[in-house]
Amino acid sequence: MPRTHHYQVDVTWTGNTGTGTSGLRDYERSHDIGAGGKPVIPGSSDPAFRGKADRWNPEELLVASLSQCHMLWFLAVCAQEGIVVTHYADHPSGTMVEDSDGGGRFTDVVLRPRVRIADPEQAGRLPAVHDRAHHLCFIANSVNFEVRTEPEVAETARPAHP
């Protein structure tokens with residue numbers, strides 16, 4: 001029987017500059033995202049939509065969420081498969097297109113994980129691990145656009161033997 005998980009966060013608009021939403025240019029898009037005593041994430045809209053560049057926007061958070069989910073599954077599968085990962089970094093990007101009415105949608109996200117492993121002889125196994133991680137990722141399974149993975153294995157080093 002499948003297990004069900006629920007997630008709850010608090011999103012609070014902090015952009016009232018004194019006149020509320022009296023006009024599209026009369027308020028800030030700033031808001032705070034929080035959950036259960038965790039550090040607050042300062043949010044806004046993308047600067048292209050009158051947001052603040054020094055705050056996270058929903059589009060960045062979506063790309064980050066896909067990257068985090070893939071990384072966490074990748075690390076778990078590697079641990080299960082006996083592949084020792086010593087470094088993991090990603091530089092993902094996403095593409096969103098706007099419609100003529102101002103709405104829009106993501107068309108794709110590309111994950112670019114760079115991984116280092118302890119045993120270079122296991123590098124050939126990593127494409128299958130990335131595929132498995134992608135298949136298991138809750139977030140990738142929940143979006144209606146393509147999520148591609150373009151992994152790179154960085155230098156690897158054999159662990160020192162006693």
# chains A, B, ... in the order shown; residues from 1 in each chain; ligands from 1

call {"tool": "select_by_dssp", "arguments": {"residues": "segment 6-97 of chain A", "states": "alpha helix (DSSP H)", "output": "PyMOL selection string"}}
result
chain A and resi 58-81

call {"tool": "write_last_selection", "arguments": {"atoms": "N, CA and C atoms", "output": "short mmCIF file (atom, residue, chain, number, x, y, z; two decimals), in the first residue's frame"}}
result
data_model
loop_
_atom_site.label_atom_id
_atom_site.label_comp_id
_atom_site.auth_asym_id
_atom_site.auth_seq_id
_atom_site.Cartn_x
_atom_site.Cartn_y
_atom_site.Cartn_z
N PRO A 58 10.20 31.74 -7.52
CA PRO A 58 9.64 30.40 -7.65
C PRO A 58 10.28 29.58 -8.76
N GLU A 59 10.69 30.24 -9.83
CA GLU A 59 11.30 29.51 -10.94
C GLU A 59 12.65 28.92 -10.53
N GLU A 60 13.45 29.70 -9.81
CA GLU A 60 14.73 29.19 -9.31
C GLU A 60 14.51 28.05 -8.32
N LEU A 61 13.51 28.20 -7.47
CA LEU A 61 13.24 27.16 -6.48
C LEU A 61 12.78 25.86 -7.13
N LEU A 62 12.05 25.96 -8.24
CA LEU A 62 11.63 24.75 -8.96
C LEU A 62 12.85 24.04 -9.54
N VAL A 63 13.76 24.80 -10.18
CA VAL A 63 14.97 24.20 -10.74
C VAL A 63 15.82 23.60 -9.62
N ALA A 64 15.95 24.33 -8.51
CA ALA A 64 16.73 23.81 -7.38
C ALA A 64 16.11 22.55 -6.81
N SER A 65 14.79 22.50 -6.73
CA SER A 65 14.10 21.33 -6.19
C SER A 65 14.36 20.10 -7.05
N LEU A 66 14.32 20.25 -8.36
CA LEU A 66 14.62 19.12 -9.25
C LEU A 66 16.06 18.65 -9.07
N SER A 67 16.99 19.60 -8.93
CA SER A 67 18.39 19.25 -8.74
C SER A 67 18.61 18.55 -7.40
N GLN A 68 18.02 19.09 -6.34
CA GLN A 68 18.16 18.47 -5.01
C GLN A 68 17.63 17.04 -5.01
N CYS A 69 16.45 16.86 -5.59
CA CYS A 69 15.82 15.54 -5.58
C CYS A 69 16.69 14.53 -6.32
N HIS A 70 17.20 14.92 -7.50
CA HIS A 70 18.05 14.01 -8.26
C HIS A 70 19.32 13.67 -7.47
N MET A 71 19.94 14.70 -6.86
CA MET A 71 21.16 14.47 -6.10
C MET A 71 20.92 13.50 -4.94
N LEU A 72 19.85 13.72 -4.19
CA LEU A 72 19.59 12.88 -3.03
C LEU A 72 19.33 11.43 -3.43
N TRP A 73 18.58 11.22 -4.52
CA TRP A 73 18.37 9.85 -5.00
C TRP A 73 19.66 9.25 -5.55
N PHE A 74 20.44 10.05 -6.28
CA PHE A 74 21.71 9.57 -6.83
C PHE A 74 22.63 9.09 -5.70
N LEU A 75 22.78 9.90 -4.66
CA LEU A 75 23.63 9.52 -3.54
C LEU A 75 23.13 8.25 -2.85
N ALA A 76 21.81 8.15 -2.69
CA ALA A 76 21.24 6.96 -2.05
C ALA A 76 21.49 5.70 -2.88
N VAL A 77 21.28 5.81 -4.19
CA VAL A 77 21.50 4.64 -5.06
C VAL A 77 22.98 4.27 -5.06
N CYS A 78 23.86 5.26 -5.12
CA CYS A 78 25.30 4.96 -5.06
C CYS A 78 25.64 4.23 -3.76
N ALA A 79 25.12 4.70 -2.64
CA ALA A 79 25.39 4.05 -1.36
C ALA A 79 24.89 2.60 -1.37
N GLN A 80 23.71 2.39 -1.94
CA GLN A 80 23.15 1.03 -2.02
C GLN A 80 23.98 0.14 -2.94
N GLU A 81 24.56 0.73 -3.98
CA GLU A 81 25.31 -0.03 -4.98
C GLU A 81 26.80 -0.15 -4.65
#

call {"tool": "residues_around", "arguments": {"residues": "segment 89-95 of chain A", "least_positions_apart": "3", "cutoff": "7 Å", "atoms": "only C-alpha atoms", "output": "VMD selection string"}}
result
chain A and resid 63 67 106 to 115

call {"tool": "write_last_selection", "arguments": {"atoms": "N, CA and C atoms", "output": "tab-separated table (two decimals), in the first residue's frame"}}
result
chain	number	residue	atom	x	y	z
A	63	VAL	N	13.76	24.80	-10.18
A	63	VAL	CA	14.97	24.20	-10.74
A	63	VAL	C	15.82	23.60	-9.62
A	67	SER	N	16.99	19.60	-8.93
A	67	SER	CA	18.39	19.25	-8.74
A	67	SER	C	18.61	18.55	-7.40
A	106	PHE	N	7.28	26.05	-17.94
A	106	PHE	CA	8.62	25.54	-18.18
A	106	PHE	C	8.56	24.57	-19.35
A	107	THR	N	9.57	24.62	-20.19
A	107	THR	CA	9.66	23.67	-21.30
A	107	THR	C	10.68	22.58	-21.02
A	108	ASP	N	11.68	22.90	-20.19
A	108	ASP	CA	12.66	21.89	-19.83
A	108	ASP	C	13.54	22.38	-18.69
A	109	VAL	N	14.16	21.42	-18.03
A	109	VAL	CA	15.22	21.68	-17.05
A	109	VAL	C	16.34	20.71	-17.37
A	110	VAL	N	17.57	21.22	-17.34
A	110	VAL	CA	18.74	20.39	-17.58
A	110	VAL	C	19.58	20.36	-16.30
A	111	LEU	N	19.81	19.17	-15.79
A	111	LEU	CA	20.68	18.96	-14.64
A	111	LEU	C	22.07	18.64	-15.17
A	112	ARG	N	23.09	19.22	-14.56
A	112	ARG	CA	24.47	19.00	-14.99
A	112	ARG	C	25.34	18.58	-13.80
A	113	PRO	N	25.03	17.43	-13.21
A	113	PRO	CA	25.81	17.02	-12.04
A	113	PRO	C	27.25	16.67	-12.40
A	114	ARG	N	28.15	17.12	-11.56
A	114	ARG	CA	29.58	16.79	-11.68
A	114	ARG	C	29.91	15.97	-10.44
A	115	VAL	N	30.34	14.76	-10.67
A	115	VAL	CA	30.51	13.79	-9.59
A	115	VAL	C	31.95	13.29	-9.54

call {"tool": "select_by_dssp", "arguments": {"residues": "segment 66-146 of chain A", "states": "strand (DSSP E or B)", "output": "list in words"}}
result
Val85, Thr86, His87, Tyr88, Ala89, Ser93, Gly94, Thr95, Met96, Val97, Glu98, Gly104, Arg105, Phe106, Thr107, Asp108, Val109, Val110, Leu111, Arg114, Val115, Arg116, Ile117 and Glu146 of chain A

call {"tool": "write_last_selection", "arguments": {"atoms": "C-alpha atoms", "output": "PDB file, in the first residue's frame"}}
result
ATOM      1  CA  VAL A  85      30.836   9.418  -4.032  1.00  0.00           C
ATOM      2  CA  THR A  86      33.335  11.941  -2.705  1.00  0.00           C
ATOM      3  CA  HIS A  87      31.940  15.086  -4.349  1.00  0.00           C
ATOM      4  CA  TYR A  88      28.695  16.122  -6.063  1.00  0.00           C
ATOM      5  CA  ALA A  89      27.863  19.537  -7.509  1.00  0.00           C
ATOM      6  CA  SER A  93      19.220  25.442 -15.695  1.00  0.00           C
ATOM      7  CA  GLY A  94      15.608  25.732 -16.738  1.00  0.00           C
ATOM      8  CA  THR A  95      13.759  27.322 -19.625  1.00  0.00           C
ATOM      9  CA  MET A  96      10.399  28.997 -19.193  1.00  0.00           C
ATOM     10  CA  VAL A  97       8.373  30.564 -22.006  1.00  0.00           C
ATOM     11  CA  GLU A  98       5.727  33.218 -21.550  1.00  0.00           C
ATOM     12  CA  GLY A 104       3.707  30.605 -19.165  1.00  0.00           C
ATOM     13  CA  ARG A 105       5.304  27.265 -18.514  1.00  0.00           C
ATOM     14  CA  PHE A 106       8.618  25.536 -18.179  1.00  0.00           C
ATOM     15  CA  THR A 107       9.664  23.669 -21.298  1.00  0.00           C
ATOM     16  CA  ASP A 108      12.660  21.885 -19.826  1.00  0.00           C
ATOM     17  CA  VAL A 109      15.215  21.684 -17.045  1.00  0.00           C
ATOM     18  CA  VAL A 110      18.738  20.386 -17.575  1.00  0.00           C
ATOM     19  CA  LEU A 111      20.682  18.961 -14.642  1.00  0.00           C
ATOM     20  CA  ARG A 114      29.580  16.788 -11.683  1.00  0.00           C
ATOM     21  CA  VAL A 115      30.514  13.785  -9.592  1.00  0.00           C
ATOM     22  CA  ARG A 116      33.726  12.453  -8.118  1.00  0.00           C
ATOM     23  CA  ILE A 117      33.926   8.844  -6.987  1.00  0.00           C
ATOM     24  CA  GLU A 146      11.288  17.319 -19.800  1.00  0.00           C
TER      25      GLU A 146
END

call {"tool": "closest_residue", "arguments": {"among": "A:His31, A:His5, A:Arg50, A:Pro39", "to": "Phe138 of chain A", "atoms": "only C-alpha atoms"}}
result
A:His5

call {"tool": "residues_around", "arguments": {"residues": "Lys52 of chain A", "least_positions_apart": "5", "cutoff": "8 Å", "atoms": "only C-alpha atoms", "output": "PDB file with N, CA and C atoms, in the first residue's frame"}}
result
ATOM      1  N   ARG A  29       7.042  42.453  -4.528  1.00  0.00           N
ATOM      2  CA  ARG A  29       6.703  41.019  -4.637  1.00  0.00           C
ATOM      3  C   ARG A  29       7.374  40.208  -3.539  1.00  0.00           C
ATOM      4  N   SER A  30       8.006  40.860  -2.594  1.00  0.00           N
ATOM      5  CA  SER A  30       8.747  40.188  -1.521  1.00  0.00           C
ATOM      6  C   SER A  30       7.821  39.354  -0.637  1.00  0.00           C
ATOM      7  N   SER A  44      10.741  36.330  -3.805  1.00  0.00           N
ATOM      8  CA  SER A  44      10.228  37.438  -4.600  1.00  0.00           C
ATOM      9  C   SER A  44       9.863  36.862  -5.960  1.00  0.00           C
ATOM     10  N   SER A  45       9.431  37.716  -6.858  1.00  0.00           N
ATOM     11  CA  SER A  45       9.275  37.268  -8.231  1.00  0.00           C
ATOM     12  C   SER A  45      10.599  37.506  -8.952  1.00  0.00           C
ATOM     13  N   ASP A  46      10.728  36.938 -10.126  1.00  0.00           N
ATOM     14  CA  ASP A  46      11.892  37.174 -10.955  1.00  0.00           C
ATOM     15  C   ASP A  46      11.993  38.677 -11.240  1.00  0.00           C
ATOM     16  N   PRO A  47      13.199  39.236 -11.330  1.00  0.00           N
ATOM     17  CA  PRO A  47      13.311  40.659 -11.651  1.00  0.00           C
ATOM     18  C   PRO A  47      12.577  41.053 -12.937  1.00  0.00           C
TER      19      PRO A  47
END

call {"tool": "atom_distance", "arguments": {"atom1": "atom CA of Glu150 of chain A", "atom2": "atom CA of Cys137 of chain A"}}
result
15.8 Å

call {"tool": "closest_residue", "arguments": {"among": "A:Gly37, A:Pro42, A:Leu24, A:Arg55", "to": "Thr12 of chain A", "atoms": "only C-alpha atoms"}}
result
A:Pro42

call {"tool": "closest_residue", "arguments": {"among": "A:Gly36, A:Pro151, A:Ser22, A:His134", "to": "Tyr7 of chain A", "atoms": "only C-alpha atoms"}}
result
A:Gly36

call {"tool": "decode", "arguments": {"residues": "segment 8-59 of chain A", "atoms": "C-alpha atoms", "output": "PDB file, in the first residue's frame"}}
result
ATOM      1  CA  GLN A   8       3.089  22.304   4.763  1.00  0.00           C
ATOM      2  CA  VAL A   9       4.903  25.611   4.516  1.00  0.00           C
ATOM      3  CA  ASP A  10       4.100  29.197   5.365  1.00  0.00           C
ATOM      4  CA  VAL A  11       4.280  31.861   2.657  1.00  0.00           C
ATOM      5  CA  THR A  12       3.831  35.408   3.943  1.00  0.00           C
ATOM      6  CA  TRP A  13       3.774  38.466   1.699  1.00  0.00           C
ATOM      7  CA  THR A  14       6.055  41.185   3.079  1.00  0.00           C
ATOM      8  CA  GLY A  15       5.828  43.633   0.174  1.00  0.00           C
ATOM      9  CA  ASN A  16       3.147  46.070   1.318  1.00  0.00           C
ATOM     10  CA  THR A  17       4.812  49.459   0.863  1.00  0.00           C
ATOM     11  CA  GLY A  18       1.935  51.300   2.502  1.00  0.00           C
ATOM     12  CA  THR A  19      -0.858  51.229  -0.051  1.00  0.00           C
ATOM     13  CA  GLY A  20      -1.284  47.490  -0.543  1.00  0.00           C
ATOM     14  CA  THR A  21      -2.003  46.398  -4.082  1.00  0.00           C
ATOM     15  CA  SER A  22      -3.444  49.745  -5.133  1.00  0.00           C
ATOM     16  CA  GLY A  23      -1.579  49.376  -8.452  1.00  0.00           C
ATOM     17  CA  LEU A  24       0.795  46.913 -10.136  1.00  0.00           C
ATOM     18  CA  ARG A  25       3.767  49.188  -9.418  1.00  0.00           C
ATOM     19  CA  ASP A  26       2.682  50.073  -5.879  1.00  0.00           C
ATOM     20  CA  TYR A  27       3.806  46.944  -4.037  1.00  0.00           C
ATOM     21  CA  GLU A  28       6.827  44.700  -3.766  1.00  0.00           C
ATOM     22  CA  ARG A  29       6.703  41.019  -4.637  1.00  0.00           C
ATOM     23  CA  SER A  30       8.747  40.188  -1.521  1.00  0.00           C
ATOM     24  CA  HIS A  31       7.622  37.331   0.683  1.00  0.00           C
ATOM     25  CA  ASP A  32       9.030  34.884   3.204  1.00  0.00           C
ATOM     26  CA  ILE A  33       8.862  31.099   2.955  1.00  0.00           C
ATOM     27  CA  GLY A  34       9.113  29.142   6.187  1.00  0.00           C
ATOM     28  CA  ALA A  35       8.370  25.765   7.685  1.00  0.00           C
ATOM     29  CA  GLY A  36       8.538  24.464  11.218  1.00  0.00           C
ATOM     30  CA  GLY A  37      11.435  26.387  12.727  1.00  0.00           C
ATOM     31  CA  LYS A  38      13.657  26.145   9.629  1.00  0.00           C
ATOM     32  CA  PRO A  39      15.533  29.173   8.316  1.00  0.00           C
ATOM     33  CA  VAL A  40      13.294  31.514   6.356  1.00  0.00           C
ATOM     34  CA  ILE A  41      13.809  31.662   2.599  1.00  0.00           C
ATOM     35  CA  PRO A  42      13.474  35.216   1.271  1.00  0.00           C
ATOM     36  CA  GLY A  43      11.312  35.069  -1.857  1.00  0.00           C
ATOM     37  CA  SER A  44      10.228  37.438  -4.600  1.00  0.00           C
ATOM     38  CA  SER A  45       9.275  37.268  -8.231  1.00  0.00           C
ATOM     39  CA  ASP A  46      11.892  37.174 -10.955  1.00  0.00           C
ATOM     40  CA  PRO A  47      13.311  40.659 -11.651  1.00  0.00           C
ATOM     41  CA  ALA A  48      11.667  40.402 -15.092  1.00  0.00           C
ATOM     42  CA  PHE A  49       8.352  40.516 -13.197  1.00  0.00           C
ATOM     43  CA  ARG A  50       9.211  43.401 -10.853  1.00  0.00           C
ATOM     44  CA  GLY A  51      10.910  41.186  -8.279  1.00  0.00           C
ATOM     45  CA  LYS A  52      14.099  41.578  -6.301  1.00  0.00           C
ATOM     46  CA  ALA A  53      17.228  39.917  -7.637  1.00  0.00           C
ATOM     47  CA  ASP A  54      18.595  39.251  -4.137  1.00  0.00           C
ATOM     48  CA  ARG A  55      15.659  36.984  -3.234  1.00  0.00           C
ATOM     49  CA  TRP A  56      14.769  33.494  -4.470  1.00  0.00           C
ATOM     50  CA  ASN A  57      12.011  33.329  -7.053  1.00  0.00           C
ATOM     51  CA  PRO A  58       9.635  30.396  -7.649  1.00  0.00           C
ATOM     52  CA  GLU A  59      11.299  29.509 -10.939  1.00  0.00           C
TER      53      GLU A  59
END
